[in-house]
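Student: Structure: entry-v2.cif, mmCIF, C-alpha atoms.
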data_final
loop_
_atom_site.label_atom_id
_atom_site.label_comp_id
_atom_site.auth_asym_id
_atom_site.auth_seq_id
_atom_site.Cartn_x
_atom_site.Cartn_y
_atom_site.Cartn_z
CA VAL B 1 57.48 -10.32 -17.22
CA GLU B 2 57.06 -10.34 -13.46
CA PRO B 3 54.38 -12.79 -12.15
CA VAL B 4 51.27 -11.19 -10.72
CA SER B 5 50.92 -11.66 -6.97
CA THR B 6 47.78 -13.47 -5.83
CA SER B 7 48.28 -12.82 -2.13
CA TYR B 8 45.26 -11.43 -0.28
CA GLU B 9 46.98 -10.95 3.08
CA SER B 10 46.74 -7.16 2.87
CA PHE B 11 43.06 -7.13 1.86
CA ASP B 12 40.97 -4.91 4.13
CA ALA B 13 37.19 -5.37 4.11
CA GLY B 14 36.95 -1.77 5.18
CA ASP B 15 37.98 -0.78 1.67
CA PHE B 16 34.56 -2.02 0.62
CA GLY B 17 32.44 -0.75 3.49
CA PHE B 18 29.28 -2.51 2.36
CA ILE B 19 30.84 -5.96 2.80
CA GLU B 20 31.08 -5.84 6.56
CA HIS B 21 27.43 -4.78 6.75
CA TYR B 22 26.15 -7.44 4.38
CA GLY B 23 23.19 -9.31 5.83
CA GLU B 24 22.45 -6.77 8.54
CA GLU B 25 18.88 -5.54 8.94
CA ILE B 26 18.06 -2.50 6.85
CA SER B 27 17.16 0.56 8.89
CA VAL B 28 14.66 2.93 7.30
CA GLN B 29 13.78 6.11 9.16
CA HIS B 30 11.96 9.27 8.09
CA ASP B 31 10.59 12.17 10.08
CA GLU B 32 7.04 11.26 9.02
CA GLN B 33 7.45 7.53 9.68
CA LEU B 34 4.54 5.93 11.51
CA PRO B 35 5.19 4.49 14.99
CA ASP B 36 5.79 0.78 15.41
CA ASN B 37 2.83 -1.55 15.76
CA GLU B 38 1.59 -1.92 19.31
CA ALA B 39 -0.57 -4.98 18.62
CA ALA B 40 1.00 -8.33 19.46
CA SER B 41 1.90 -10.09 16.23
CA ALA B 42 4.38 -12.67 15.00
CA LEU B 43 4.69 -10.72 11.75
CA ASN B 44 6.39 -7.40 11.16
CA CYS B 45 3.64 -6.13 8.90
CA ALA B 46 1.83 -3.13 7.47
CA PHE B 47 -1.74 -2.74 6.23
CA ILE B 48 -2.83 -0.66 3.26
CA GLY B 49 -6.56 -0.19 2.79
CA VAL B 50 -7.54 0.84 -0.73
CA GLY B 51 -10.86 2.53 -1.47
CA GLY B 52 -13.86 3.02 0.81
CA ALA B 53 -14.38 -0.59 1.92
CA GLY B 54 -10.65 -1.24 2.12
CA GLY B 55 -10.30 1.84 4.30
CA LYS B 56 -12.89 0.50 6.73
CA LEU B 57 -11.02 -2.81 6.94
CA ALA B 58 -7.77 -0.94 7.51
CA LYS B 59 -9.33 1.21 10.22
CA ALA B 60 -10.22 -1.97 12.12
CA PHE B 61 -6.56 -3.01 12.17
CA LEU B 62 -5.49 0.52 13.08
CA ASP B 63 -7.87 0.42 16.06
CA LEU B 64 -6.27 -2.87 17.17
CA GLY B 65 -2.87 -1.17 17.45
CA PHE B 66 -1.37 -1.87 14.03
CA ASN B 67 0.00 1.65 13.70
CA LYS B 68 1.74 0.93 10.40
CA THR B 69 -1.57 1.22 8.55
CA LEU B 70 -2.35 3.46 5.59
CA LEU B 71 -5.68 4.31 3.97
CA LEU B 72 -5.33 5.00 0.25
CA ASN B 73 -8.17 6.52 -1.74
CA THR B 74 -9.00 8.55 -4.82
CA THR B 75 -11.50 10.67 -2.89
CA ASP B 76 -11.87 12.00 0.65
CA LYS B 77 -15.65 11.58 0.63
CA ASP B 78 -15.82 8.06 2.09
CA GLN B 79 -12.97 8.05 4.59
CA PRO B 80 -13.73 6.50 8.01
CA GLU B 81 -13.93 8.94 10.89
CA GLY B 82 -11.20 9.07 13.49
CA VAL B 83 -8.22 8.45 11.18
CA GLU B 84 -5.28 10.79 11.60
CA PRO B 85 -3.94 12.61 8.50
CA GLU B 86 -0.60 10.81 8.72
CA ASN B 87 -2.40 7.52 8.02
CA LEU B 88 -4.06 8.82 4.86
CA ILE B 89 -2.87 8.83 1.24
CA LEU B 90 -5.13 10.78 -1.09
CA ILE B 91 -4.53 10.66 -4.84
CA PRO B 92 -4.61 14.29 -6.02
CA ASP B 93 -7.16 15.55 -8.57
CA ALA B 94 -8.99 12.22 -8.91
CA ASP B 95 -12.25 12.78 -6.98
CA GLY B 96 -13.17 9.09 -7.07
CA VAL B 97 -13.43 6.70 -10.00
CA ALA B 98 -17.21 5.98 -9.90
CA LYS B 99 -16.87 2.17 -9.89
CA ASN B 100 -14.84 2.34 -13.12
CA VAL B 101 -12.02 -0.19 -12.66
CA ALA B 102 -10.30 0.65 -15.93
CA TYR B 103 -10.18 4.31 -14.92
CA GLY B 104 -9.06 3.40 -11.41
CA LYS B 105 -6.12 1.41 -12.77
CA LYS B 106 -5.22 4.33 -15.02
CA VAL B 107 -5.30 6.74 -12.07
CA PHE B 108 -3.06 4.44 -10.01
CA GLY B 109 -0.70 3.96 -12.93
CA GLU B 110 -0.32 7.71 -13.38
CA ASN B 111 0.11 8.31 -9.63
CA SER B 112 2.18 5.28 -8.64
CA ALA B 113 5.06 7.58 -7.65
CA VAL B 114 2.77 9.42 -5.21
CA VAL B 115 1.85 6.12 -3.54
CA GLU B 116 5.43 4.84 -3.52
CA ASP B 117 6.79 8.04 -2.00
CA ALA B 118 4.15 7.93 0.77
CA ILE B 119 4.93 4.29 1.55
CA ARG B 120 8.67 4.95 1.70
CA THR B 121 8.12 7.95 3.97
CA LYS B 122 5.65 6.36 6.36
CA LEU B 123 6.12 2.59 6.69
CA GLY B 124 9.77 1.98 7.47
CA LYS B 125 11.08 -1.60 7.67
CA VAL B 126 8.32 -4.19 7.32
CA ASP B 127 8.36 -7.77 6.06
CA TRP B 128 4.74 -8.20 4.99
CA ILE B 129 2.24 -5.85 3.36
CA PHE B 130 -1.45 -6.71 3.59
CA VAL B 131 -3.51 -4.90 0.96
CA LEU B 132 -7.18 -4.57 1.93
CA ALA B 133 -9.91 -3.86 -0.62
CA GLY B 134 -13.59 -4.34 -1.28
CA GLY B 135 -14.65 -6.10 -4.44
CA GLY B 136 -17.35 -4.05 -6.15
CA GLY B 137 -16.08 -0.51 -5.94
CA GLY B 138 -13.83 1.09 -8.51
CA THR B 139 -10.86 2.21 -6.40
CA GLY B 140 -10.53 -0.94 -4.30
CA SER B 141 -11.04 -3.22 -7.30
CA SER B 142 -8.13 -1.43 -9.03
CA CYS B 143 -5.60 -2.04 -6.22
CA VAL B 144 -3.53 -4.71 -7.99
CA ALA B 145 -2.40 -2.01 -10.44
CA LEU B 146 -0.04 -0.99 -7.60
CA HIS B 147 1.38 -4.48 -7.05
CA GLU B 148 4.81 -3.60 -8.45
CA VAL B 149 4.98 -0.62 -6.09
CA PHE B 150 4.29 -2.84 -3.07
CA GLU B 151 6.74 -5.52 -4.23
CA ARG B 152 9.44 -2.98 -5.00
CA TYR B 153 9.14 -1.47 -1.53
CA LEU B 154 9.46 -4.83 0.24
CA HIS B 155 12.50 -5.61 -1.89
CA SER B 156 14.08 -2.24 -1.10
CA VAL B 157 13.86 -2.82 2.66
CA GLN B 158 14.81 -6.52 2.35
CA GLY B 159 11.43 -7.66 3.62
CA ASP B 160 11.28 -11.39 4.33
CA GLY B 161 7.56 -11.74 3.56
CA LYS B 162 5.18 -11.05 0.70
CA VAL B 163 2.34 -8.86 -0.47
CA VAL B 164 -0.94 -10.47 0.63
CA TYR B 165 -4.35 -9.32 -0.56
CA MET B 166 -7.40 -9.40 1.71
CA VAL B 167 -10.44 -8.64 -0.43
CA SER B 168 -14.18 -8.89 0.14
CA TRP B 169 -16.80 -10.48 -2.10
CA PRO B 170 -20.13 -8.58 -2.19
CA THR B 171 -23.36 -9.91 -0.68
CA ALA B 172 -25.97 -11.59 -2.86
CA GLN B 173 -28.05 -8.39 -2.77
CA GLU B 174 -25.10 -6.23 -3.81
CA SER B 175 -24.21 -8.67 -6.59
CA LEU B 176 -27.55 -7.98 -8.27
CA ASN B 177 -25.89 -4.81 -9.49
CA PRO B 178 -24.02 -5.95 -12.64
CA THR B 179 -21.28 -3.33 -12.22
CA ILE B 180 -20.54 -4.43 -8.65
CA SER B 181 -20.55 -8.09 -9.69
CA LYS B 182 -18.23 -7.40 -12.63
CA ASN B 183 -15.81 -5.37 -10.49
CA ALA B 184 -15.68 -8.05 -7.79
CA LEU B 185 -14.89 -10.72 -10.38
CA SER B 186 -12.20 -8.49 -11.89
CA LEU B 187 -10.53 -8.06 -8.49
CA ALA B 188 -10.77 -11.79 -7.69
CA ASN B 189 -9.05 -12.60 -10.99
CA ASP B 190 -6.37 -9.94 -10.41
CA VAL B 191 -5.39 -11.26 -6.96
CA ALA B 192 -5.52 -14.93 -8.00
CA PRO B 193 -1.77 -15.16 -8.85
CA TYR B 194 -0.77 -13.76 -5.45
CA PRO B 195 -1.30 -14.79 -1.82
CA HIS B 196 -4.83 -13.69 -0.95
CA ILE B 197 -7.74 -14.06 1.44
CA LEU B 198 -11.30 -13.74 0.14
CA ILE B 199 -13.86 -12.47 2.66
CA ASP B 200 -17.40 -13.60 1.81
CA ASN B 201 -19.65 -10.73 2.86
CA GLU B 202 -22.79 -12.81 2.32
CA ARG B 203 -21.60 -15.40 4.82
CA GLN B 204 -20.52 -12.70 7.26
CA THR B 205 -23.97 -11.12 7.01
CA GLN B 206 -25.66 -14.42 7.77
CA LEU B 207 -23.36 -15.19 10.70
CA LEU B 208 -23.59 -11.73 12.26
CA ARG B 209 -27.24 -10.83 11.55
CA GLY B 210 -28.84 -9.57 14.75
CA LYS B 211 -25.51 -9.42 16.63
#
As structure tokens, how would this structure be written, given the file I've shared?

Tutor:
Amino acid sequence: VEPVSTSYESFDAGDFGFIEHYGEEISVQHDEQLPDNEAASALNCAFIGVGGAGGKLAKAFLDLGFNKTLLLNTTDKDQPEGVEPENLILIPDADGVAKNVAYGKKVFGENSAVVEDAIRTKLGKVDWIFVLAGGGGGTGSSCVALHEVFERYLHSVQGDGKVVYMVSWPTAQESLNPTISKNALSLANDVAPYPHILIDNERQTQLLRGK
């Protein structure tokens, strides 16, 4: 029996084309991809506003020059004015979830492919995704149902960052409504395992009253 040669002198990395590209930055480009962010930032990031309140938060970042911003909603009735169609993701045939978080999570679960396809088409290579939502409503309070979609996208483009949630807590007056209070608590519990920022609307109201 002839001995098997263990010489690697003739090995050509080109035979395995992916090896020579290992570690290089992933390039993602689609015809409908949003332009790069114009705002000065140390992070290569995107913003996704979910629901009515989340859409308003997202619009603020869009106005600052963070072009990689998407507004996701189950209805077109409470979209902020002045947002271009390419920045909008509308879940088909939902017409809102009427502050019903369980239904909102079901709608997102059934339409996760719609959201994922839109993100892949529009965002391109980003490292961080900031998910913006208002605690109290049904659509925004359901946003964590899409967490695997956001995580999977970052992984697919080799993003170096994480999914971070920026969610608002309702004012004392709003919290008198038991449904709003329950939804806000549900969202706070859902984002607790992940990096998150909680915006206290009551404190903001006190600080900004009259300004």

Student: What would the selection look like, as a PyMOL selection string, if the PyMOL selection byres ((chain B and resi 37) around 12) were run on the coordinates I just shared?

Tutor: chain B and resi 33-36+38-47+61-69+123-126

Student: Convert the output of the PyMOL selection byres ((chain B and resi 169) around 8) on the shown file into explicit residues, formatted as an MDAnalysis selection string.

Tutor: chainID B and resid 134:136 167:168 170:171 184 198:202

Student: Write out the residues from the selection above, keeping C-alpha atoms, as a PDB file, in the frame of the given file.

Tutor:
ATOM      1  CA  GLY B 134     -13.590  -4.340  -1.280  1.00  0.00           C
ATOM      2  CA  GLY B 135     -14.650  -6.100  -4.440  1.00  0.00           C
ATOM      3  CA  GLY B 136     -17.350  -4.050  -6.150  1.00  0.00           C
ATOM      4  CA  VAL B 167     -10.440  -8.640  -0.430  1.00  0.00           C
ATOM      5  CA  SER B 168     -14.180  -8.890   0.140  1.00  0.00           C
ATOM      6  CA  PRO B 170     -20.130  -8.580  -2.190  1.00  0.00           C
ATOM      7  CA  THR B 171     -23.360  -9.910  -0.680  1.00  0.00           C
ATOM      8  CA  ALA B 184     -15.680  -8.050  -7.790  1.00  0.00           C
ATOM      9  CA  LEU B 198     -11.300 -13.740   0.140  1.00  0.00           C
ATOM     10  CA  ILE B 199     -13.860 -12.470   2.660  1.00  0.00           C
ATOM     11  CA  ASP B 200     -17.400 -13.600   1.810  1.00  0.00           C
ATOM     12  CA  ASN B 201     -19.650 -10.730   2.860  1.00  0.00           C
ATOM     13  CA  GLU B 202     -22.790 -12.810   2.320  1.00  0.00           C
TER      14      GLU B 202
END

Student: Using all atoms listed in the file, can you tell me which of B:Lys162, B:Arg152, B:Lys99, B:Lys59 comes closest to Ile180 in chain B?

Tutor: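 Nearest candidate to Ile180 in chain B out of B:Lys162, B:Arg152, B:Lys99, B:Lys59: B:Lys99.
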
Student: Tell me which protein, DNA and RNA residues are within 8 Å of Glu32 in chain B, counting all atoms listed in the file, leaving out same-chain ones fewer than 3 positions away, and put them as a PyMOL selection string.

Tutor: chain B and resi 86+121-122

Student: What does the file look like for those residues with C-alpha atoms, as a tab-separated table (two decimals), in the frame of the given file?

Tutor:
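Final output, saved to result.tsv:
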chain	number	residue	atom	x	y	z
B	86	GLU	CA	-0.60	10.81	8.72
B	121	THR	CA	8.12	7.95	3.97
B	122	LYS	CA	5.65	6.36	6.36

Student: For the structure provided, state which residues fall under the PyMOL selection byres ((chain B and resi 187) around 8), and present them as a ChimeraX atom specification.

Tutor: /B:135,141-142,144,183-186,188-191

Student: Box for range 117-124 of chain B - axis-aligned, 4 Å on each of the six sides, all listed atoms - centre and size in Å to one decimal, as lines of an AutoDock Vina configuration file.

Tutor:
center_x = 7.0
center_y = 5.0
center_z = 2.7
size_x = 13.6
size_y = 14.1
size_z = 17.5

Student: To one decimal in Å, tell me the separation between CA of Asn100 in chain B and CA of Asn177 in chain B.

Tutor: 13.7 Å

Student: Just to confirm, what's the straight-line distance from CA of Leu70 in chain B to CA of Pro85 in chain B in Å (one decimal)?

Tutor: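 That distance, rounded to one decimal, is 9.7 Å.
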
Student: Taking all atoms listed in the file into account, which of B:Leu207, B:Val83, B:Leu72, B:Val107 comes nearest Ala133 in chain B?

Tutor: B:Leu72

Student: May I ask for the distance between CA of Thr74 in chain B and CA of Gln158 in chain B, given in Å to one decimal place?

Tutor: 29.1 Å

Student: So which one's closest to Ala53 in chain B, B:Asp31, B:Glu151, B:Asp78, B:Glu116? Using all atoms listed in the file, please.

Tutor: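 Residue with the minimum atom-to-atom distance to Ala53 in chain B: B:Asp78.
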
Student: Rank nothing, just name the residue among B:Leu146, B:Ala192, B:Lys56, B:Lys77 nearest to Gly109 in chain B, using all atoms listed in the file.

Tutor: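 Checking each of B:Leu146, B:Ala192, B:Lys56, B:Lys77 against Gly109 in chain B, counting all atoms listed in the file, the winner is B:Leu146.
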